[in-house]
>>> print(open('structure-v9.pdb').read())   # PDB, C-alpha atoms and all ligand atoms
ATOM      1  CA  MET N   1     -37.849  54.166 -50.368
ATOM      2  CA  THR N   2     -38.879  52.078 -53.343
ATOM      3  CA  ASN N   3     -42.370  50.663 -53.196
ATOM      4  CA  ARG N   4     -41.737  47.081 -54.290
ATOM      5  CA  LYS N   5     -44.469  44.527 -54.644
ATOM      6  CA  ILE N   6     -44.296  40.771 -54.691
ATOM      7  CA  VAL N   7     -45.647  39.490 -57.986
ATOM      8  CA  GLN N   8     -44.114  36.037 -58.228
ATOM      9  CA  LEU N   9     -44.109  33.993 -55.042
ATOM     10  CA  LEU N  10     -42.029  30.841 -54.814
ATOM     11  CA  HIS N  11     -42.917  28.029 -52.410
ATOM     12  CA  VAL N  12     -40.350  25.302 -51.771
ATOM     13  CA  GLN N  13     -42.031  21.943 -51.262
ATOM     14  CA  SER N  14     -40.897  19.250 -48.832
ATOM     15  CA  ASP N  15     -39.396  17.343 -51.787
ATOM     16  CA  ASN N  16     -37.533  20.507 -52.938
ATOM     17  CA  ARG N  17     -39.753  21.163 -55.917
ATOM     18  CA  VAL N  18     -40.578  24.855 -56.241
ATOM     19  CA  PHE N  19     -44.164  25.890 -56.851
ATOM     20  CA  VAL N  20     -45.050  29.366 -58.105
ATOM     21  CA  ASP N  21     -48.012  31.588 -57.356
ATOM     22  CA  MET N  22     -48.566  34.811 -59.273
ATOM     23  CA  ALA N  23     -50.167  37.667 -57.375
ATOM     24  CA  ASP N  24     -53.549  39.056 -58.383
ATOM     25  CA  ASP N  25     -51.902  42.351 -59.281
ATOM     26  CA  GLU N  26     -51.669  44.694 -62.259
ATOM     27  CA  ASP N  27     -47.966  43.843 -62.597
ATOM     28  CA  ASN N  28     -48.747  40.169 -63.131
ATOM     29  CA  PRO N  29     -48.201  39.754 -66.905
ATOM     30  CA  CYS N  30     -50.185  36.510 -66.999
ATOM     31  CA  LEU N  31     -53.465  38.355 -66.409
ATOM     32  CA  SER N  32     -53.282  39.721 -69.941
ATOM     33  CA  CYS N  33     -51.542  36.777 -71.605
ATOM     34  CA  GLY N  34     -52.547  33.126 -71.128
ATOM     35  CA  ALA N  35     -50.442  31.977 -74.075
ATOM     36  CA  CYS N  36     -48.920  28.977 -72.267
ATOM     37  CA  CYS N  37     -52.396  27.676 -71.410
ATOM     38  CA  GLN N  38     -53.150  27.108 -75.064
ATOM     39  CA  HIS N  39     -49.785  25.694 -76.090
ATOM     40  CA  PHE N  40     -48.416  22.842 -73.963
ATOM     41  CA  ARG N  41     -49.928  19.476 -73.243
ATOM     42  CA  VAL N  42     -50.637  19.770 -69.523
ATOM     43  CA  SER N  43     -50.246  16.255 -68.207
ATOM     44  CA  MET N  44     -50.000  14.913 -64.670
ATOM     45  CA  TYR N  45     -50.074  11.790 -62.557
ATOM     46  CA  MET N  46     -53.677  10.701 -62.027
ATOM     47  CA  GLY N  47     -53.150  11.057 -58.277
ATOM     48  CA  GLU N  48     -53.555  14.818 -58.800
ATOM     49  CA  MET N  49     -57.237  14.326 -59.603
ATOM     50  CA  ALA N  50     -59.627  15.519 -56.915
ATOM     51  CA  SER N  51     -61.005  12.006 -56.526
ATOM     52  CA  SER N  52     -57.590  10.809 -55.320
ATOM     53  CA  PRO N  53     -56.408  11.418 -51.748
ATOM     54  CA  GLY N  54     -54.764  14.844 -51.662
ATOM     55  CA  GLY N  55     -55.627  15.553 -55.290
ATOM     56  CA  THR N  56     -57.075  18.882 -56.410
ATOM     57  CA  VAL N  57     -57.776  18.920 -60.146
ATOM     58  CA  PRO N  58     -61.492  18.422 -60.891
ATOM     59  CA  ASP N  59     -61.941  14.993 -62.485
ATOM     60  CA  GLU N  60     -64.289  16.290 -65.166
ATOM     61  CA  LEU N  61     -61.562  18.585 -66.551
ATOM     62  CA  VAL N  62     -59.054  15.851 -67.370
ATOM     63  CA  ARG N  63     -58.763  13.095 -69.930
ATOM     64  CA  ALA N  64     -56.785   9.840 -69.671
ATOM     65  CA  VAL N  65     -53.472   9.655 -71.526
ATOM     66  CA  ASN N  66     -52.564   6.183 -70.266
ATOM     67  CA  PRO N  67     -53.464   4.096 -67.178
ATOM     68  CA  VAL N  68     -51.532   6.427 -64.838
ATOM     69  CA  ILE N  69     -51.315   9.782 -66.620
ATOM     70  CA  VAL N  70     -54.084  12.282 -67.385
ATOM     71  CA  CYS N  71     -54.004  15.681 -69.064
ATOM     72  CA  MET N  72     -56.143  18.793 -69.001
ATOM     73  CA  LYS N  73     -58.897  18.529 -71.589
ATOM     74  CA  GLY N  74     -58.144  20.611 -74.629
ATOM     75  CA  THR N  75     -54.381  20.193 -74.311
ATOM     76  CA  GLU N  76     -54.198  16.554 -75.442
ATOM     77  CA  THR N  77     -52.160  17.141 -78.595
ATOM     78  CA  GLY N  78     -50.528  20.459 -77.732
ATOM     79  CA  ASN N  79     -51.467  23.786 -79.297
ATOM     80  CA  GLY N  80     -54.923  23.451 -77.800
ATOM     81  CA  ARG N  81     -56.704  25.620 -75.291
ATOM     82  CA  CYS N  82     -56.981  24.250 -71.752
ATOM     83  CA  ILE N  83     -60.585  23.743 -70.694
ATOM     84  CA  ALA N  84     -59.940  25.703 -67.480
ATOM     85  CA  LEU N  85     -58.788  28.873 -69.243
ATOM     86  CA  ARG N  86     -61.226  31.783 -68.948
ATOM     87  CA  GLY N  87     -61.151  34.865 -71.167
ATOM     88  CA  VAL N  88     -59.437  35.880 -74.394
ATOM     89  CA  VAL N  89     -55.735  35.096 -74.837
ATOM     90  CA  GLY N  90     -53.702  38.298 -74.935
ATOM     91  CA  LYS N  91     -56.489  40.416 -73.434
ATOM     92  CA  PRO N  92     -56.854  41.783 -69.894
ATOM     93  CA  GLY N  93     -58.857  39.582 -67.573
ATOM     94  CA  ILE N  94     -57.750  36.217 -68.869
ATOM     95  CA  LYS N  95     -57.204  33.747 -66.046
ATOM     96  CA  CYS N  96     -57.143  30.152 -64.933
ATOM     97  CA  GLY N  97     -60.561  29.114 -63.698
ATOM     98  CA  ILE N  98     -59.034  26.599 -61.269
ATOM     99  CA  TYR N  99     -55.954  28.542 -60.205
ATOM    100  CA  HIS N 100     -55.851  27.238 -56.642
ATOM    101  CA  LEU N 101     -56.583  23.702 -57.826
ATOM    102  CA  ARG N 102     -54.326  23.659 -60.883
ATOM    103  CA  PRO N 103     -51.976  20.740 -61.576
ATOM    104  CA  THR N 104     -48.255  20.492 -60.868
ATOM    105  CA  PRO N 105     -46.906  21.519 -64.302
ATOM    106  CA  CYS N 106     -48.824  24.776 -64.022
ATOM    107  CA  ARG N 107     -47.525  25.348 -60.497
ATOM    108  CA  GLU N 108     -43.912  24.737 -61.541
ATOM    109  CA  TYR N 109     -43.973  27.018 -64.575
ATOM    110  CA  ARG N 110     -42.205  30.319 -63.875
ATOM    111  CA  VAL N 111     -42.505  33.693 -65.554
ATOM    112  CA  TRP N 112     -39.099  34.816 -64.281
ATOM    113  CA  LEU N 113     -36.157  32.468 -63.787
ATOM    114  CA  GLU N 114     -33.895  32.598 -60.734
ATOM    115  CA  ASP N 115     -31.560  35.177 -62.278
ATOM    116  CA  GLY N 116     -34.513  37.418 -63.077
ATOM    117  CA  THR N 117     -34.566  36.822 -66.798
ATOM    118  CA  PRO N 118     -37.958  36.090 -68.326
ATOM    119  CA  ASN N 119     -38.755  32.481 -69.144
ATOM    120  CA  PRO N 120     -37.704  32.023 -72.809
ATOM    121  CA  ASP N 121     -40.877  29.993 -73.435
ATOM    122  CA  CYS N 122     -42.966  32.941 -72.234
ATOM    123  CA  GLN N 123     -41.094  35.245 -74.583
ATOM    124  CA  ARG N 124     -41.601  32.926 -77.544
ATOM    125  CA  LEU N 125     -45.282  32.295 -76.833
ATOM    126  CA  ARG N 126     -45.998  35.962 -76.166
ATOM    127  CA  LYS N 127     -44.360  36.892 -79.463
ATOM    128  CA  ASP N 128     -46.424  34.260 -81.271
ATOM    129  CA  ASN N 129     -49.538  35.916 -79.823
ATOM    130  CA  GLY N 130     -48.527  39.470 -80.686
ATOM    131  CA  LEU N 131     -47.670  40.450 -77.106
ATOM    132  CA  MET N 132     -44.792  42.592 -75.912
ATOM    133  CA  PRO N 133     -41.770  40.743 -74.512
ATOM    134  CA  LEU N 134     -41.399  40.581 -70.744
ATOM    135  CA  LYS N 135     -38.770  42.738 -69.051
ATOM    136  CA  HIS N 136     -36.071  41.500 -66.703
ATOM    137  CA  ARG N 137     -37.534  41.198 -63.232
ATOM    138  CA  SER N 138     -35.321  44.013 -61.934
ATOM    139  CA  ALA N 139     -37.078  46.360 -64.353
ATOM    140  CA  VAL N 140     -40.565  45.720 -62.981
ATOM    141  CA  PRO N 141     -41.988  46.359 -59.512
ATOM    142  CA  GLY N 142     -42.347  42.680 -58.673
ATOM    143  CA  VAL N 143     -39.838  40.805 -56.560
ATOM    144  CA  THR N 144     -39.475  37.120 -55.828
ATOM    145  CA  GLU N 145     -40.045  35.792 -52.343
ATOM    146  CA  TRP N 146     -39.034  32.334 -51.131
TER     147      TRP N 146
HETATM  148  S1  LIG H 201     -46.813  32.551 -71.298
HETATM  149 FE1  LIG H 201     -45.735  33.308 -69.461
HETATM  150  S2  LIG H 201     -46.499  35.417 -69.189
HETATM  151 FE2  LIG H 201     -47.940  34.335 -70.543
HETATM  152  S3  LIG H 201     -49.528  33.495 -69.143
HETATM  153 FE3  LIG H 201     -47.987  31.902 -69.457
HETATM  154  S4  LIG H 201     -46.595  32.165 -67.697
HETATM  155 FE4  LIG H 201     -47.757  34.067 -67.894
HETATM  156  S1  LIG H 202     -55.063  24.441 -65.467
HETATM  157 FE1  LIG H 202     -55.076  26.683 -65.447
HETATM  158  S2  LIG H 202     -52.913  27.291 -65.391
HETATM  159 FE2  LIG H 202     -53.003  25.147 -66.058
HETATM  160  S3  LIG H 202     -53.040  25.217 -68.311
HETATM  161 FE3  LIG H 202     -55.174  25.152 -67.598
HETATM  162  S4  LIG H 202     -55.811  27.309 -67.481
HETATM  163 FE4  LIG H 202     -53.556  27.280 -67.567
END
>>> encode(input="structure-v9.pdb", output="structure tokens")
Amino acid sequence: MTNRKIVQLLHVQSDNRVFVDMADDEDNPCLSCGACCQHFRVSMYMGEMASSPGGTVPDELVRAVNPVIVCMKGTETGNGRCIALRGVVGKPGIKCGIYHLRPTPCREYRVWLEDGTPNPDCQRLRKDNGLMPLKHRSAVPGVTEW
């Protein structure tokens, strides 16, 4: 019997959005990458701030973009490092310092797409940072669980 682990967990929300959690496991490629966290502007509705009802993202880590949108500090213009990122990009041990509080765009971003192919953005960003490309999900121990 194959010993398969769950690395990427998908959670369908009541509004049909799909949120992703990556397992704290050696087969999680993000724990030695972090490239996306220093590339995109990570913006969100201000209702995601911890000071709003149901919000989670610490207020002190965001900056206003306009009256209703904020973004993670450091990512304002793109190609900037998110203030919540901990560790050295491309090195083991890198992680999000607010993983369980992170905003929606981070929760929706997938490493593997539904057909098991790696996210093309991951492949591009990993290449830009000198990292090996990701394999198809069928070639790694991780499986996806809904
Ligand atoms: S670029 Fe992809 S593999 Fe790298 S940390 Fe982001 S989601 Fe993970
Ligand atoms: S909040 Fe966390 S997951 Fe999102 S960009 Fe920042 S470090 Fe990455």
>>> closest_residue(input="structure-v9.pdb", among="N:Pro120, N:Gly87, N:Pro58, N:Gly97", to="ligand LIG 201 (chain H)", atoms="only C-alpha atoms and all ligand atoms")
N:Pro120
>>> residues_around(input="structure-v9.pdb", residues="N:Val12", least_positions_apart="2", cutoff="12 Å", atoms="only C-alpha atoms", output="MDAnalysis selection string")
chainID N and resid 9:10 14:21 107:108 145:146
>>> resolve_selection(input="structure-v9.pdb", expression="the PyMOL selection byres (((not hetatm)) within 8 of (chain H and resi 202))", output="MDAnalysis selection string")
chainID N and resid 34 36:38 40 42 72 75 81:86 95:99 101:103 105:107
>>> atom_distance(input="structure-v9.pdb", atom1="atom CA of N:Arg63", atom2="atom CA of N:Thr104")
15.7 Å
>>> resolve_selection(input="structure-v9.pdb", expression="the PyMOL selection byres (((chain N and resi 126) around 12) and not hetatm)", output="VMD selection string")
chain N and resid 29 to 30 32 to 39 89 to 91 111 118 to 125 127 to 134
>>> residues_around(input="structure-v9.pdb", residues="N:Ala64", least_positions_apart="2", cutoff="10 Å", atoms="all atoms listed in the file", output="PyMOL selection string")
chain N and resi 43-46+62+66-73+76
>>> closest_residue(input="structure-v9.pdb", among="N:Thr117, N:Met22, N:Glu60, N:Gly78", to="N:Ala139", atoms="all atoms listed in the file")
N:Thr117
>>> atom_distance(input="structure-v9.pdb", atom1="atom FE1 of ligand LIG 201 (chain H)", atom2="atom CA of N:Gly80")
15.8 Å
>>> closest_residue(input="structure-v9.pdb", among="N:Ile6, N:Val65, N:Ile94, N:Val140", to="ligand LIG 201 (chain H)", atoms="all atoms listed in the file")
N:Ile94
>>> atom_distance(input="structure-v9.pdb", atom1="atom CA of N:Asn79", atom2="atom S1 of ligand LIG 201 (chain H)")
12.7 Å
>>> resolve_selection(input="structure-v9.pdb", expression="the PyMOL selection byres (((chain N and resi 27) around 7) and not hetatm)", output="PDB file with C-alpha atoms, keeping the file's coordinate frame")
ATOM      1  CA  VAL N   7     -45.647  39.490 -57.986  1.00  0.00           C
ATOM      2  CA  ASP N  25     -51.902  42.351 -59.281  1.00  0.00           C
ATOM      3  CA  GLU N  26     -51.669  44.694 -62.259  1.00  0.00           C
ATOM      4  CA  ASN N  28     -48.747  40.169 -63.131  1.00  0.00           C
ATOM      5  CA  PRO N  29     -48.201  39.754 -66.905  1.00  0.00           C
ATOM      6  CA  GLY N 142     -42.347  42.680 -58.673  1.00  0.00           C
TER       7      GLY N 142
END
>>> closest_residue(input="structure-v9.pdb", among="N:Gln13, N:His100, N:Leu31, N:Gly74", to="N:Gly55", atoms="all atoms listed in the file")
N:His100
>>> axis_aligned_box(input="structure-v9.pdb", around="stretch 92-98 of chain N", padding_each_side="3 Å", output="AutoDock Vina command-line options")
--center_x -58.7 --center_y 34.2 --center_z -65.6 --size_x 9.7 --size_y 21.2 --size_z 14.6
>>> closest_residue(input="structure-v9.pdb", among="N:Gln8, N:Glu48, N:Tyr109, N:Gly93", to="N:Arg137", atoms="only C-alpha atoms")
N:Gln8
>>> closest_residue(input="structure-v9.pdb", among="N:Arg110, N:Thr77, N:His136, N:Asp115", to="ligand LIG 201 (chain H)", atoms="only C-alpha atoms and all ligand atoms")
N:Arg110
>>> build_atoms(input="structure-v9.pdb", residues="stretch 62-75 of chain N", atoms="N, CA, C and O atoms", output="compact mmCIF listing (two decimals), in the frame of the given file")
# COMPACT_ATOMS: atom_id res chain seq x y z
N VAL N 62 -60.22 16.57 -66.85
CA VAL N 62 -59.05 15.85 -67.37
C VAL N 62 -59.48 14.68 -68.25
O VAL N 62 -60.62 14.21 -68.19
N ARG N 63 -58.54 14.24 -69.05
CA ARG N 63 -58.76 13.10 -69.93
C ARG N 63 -57.58 12.13 -69.75
O ARG N 63 -56.45 12.57 -69.54
N ALA N 64 -57.85 10.83 -69.86
CA ALA N 64 -56.78 9.84 -69.67
C ALA N 64 -55.81 9.87 -70.84
O ALA N 64 -56.21 9.96 -72.01
N VAL N 65 -54.51 9.80 -70.51
CA VAL N 65 -53.47 9.65 -71.53
C VAL N 65 -53.03 8.20 -71.58
O VAL N 65 -52.84 7.61 -72.64
N ASN N 66 -52.86 7.61 -70.40
CA ASN N 66 -52.56 6.18 -70.27
C ASN N 66 -53.07 5.77 -68.88
O ASN N 66 -53.69 6.60 -68.19
N PRO N 67 -52.87 4.53 -68.46
CA PRO N 67 -53.46 4.10 -67.18
C PRO N 67 -53.05 4.92 -65.96
O PRO N 67 -53.73 4.88 -64.93
N VAL N 68 -51.96 5.67 -66.02
CA VAL N 68 -51.53 6.43 -64.84
C VAL N 68 -51.40 7.93 -65.07
O VAL N 68 -51.22 8.69 -64.13
N ILE N 69 -51.49 8.36 -66.30
CA ILE N 69 -51.32 9.78 -66.62
C ILE N 69 -52.60 10.35 -67.22
O ILE N 69 -53.25 9.69 -68.05
N VAL N 70 -52.96 11.55 -66.79
CA VAL N 70 -54.08 12.28 -67.39
C VAL N 70 -53.57 13.64 -67.86
O VAL N 70 -52.47 14.06 -67.51
N CYS N 71 -54.38 14.32 -68.67
CA CYS N 71 -54.00 15.68 -69.06
C CYS N 71 -55.24 16.56 -69.04
O CYS N 71 -56.38 16.06 -69.06
N MET N 72 -55.03 17.86 -68.96
CA MET N 72 -56.14 18.79 -69.00
C MET N 72 -56.83 18.67 -70.35
O MET N 72 -56.17 18.65 -71.40
N LYS N 73 -58.15 18.60 -70.34
CA LYS N 73 -58.90 18.53 -71.59
C LYS N 73 -58.57 19.76 -72.44
O LYS N 73 -58.45 20.88 -71.92
N GLY N 74 -58.47 19.53 -73.70
CA GLY N 74 -58.14 20.61 -74.63
C GLY N 74 -56.68 20.67 -74.98
O GLY N 74 -56.30 21.21 -76.02
N THR N 75 -55.83 20.10 -74.08
CA THR N 75 -54.38 20.19 -74.31
C THR N 75 -53.80 18.87 -74.81
O THR N 75 -52.58 18.74 -74.89
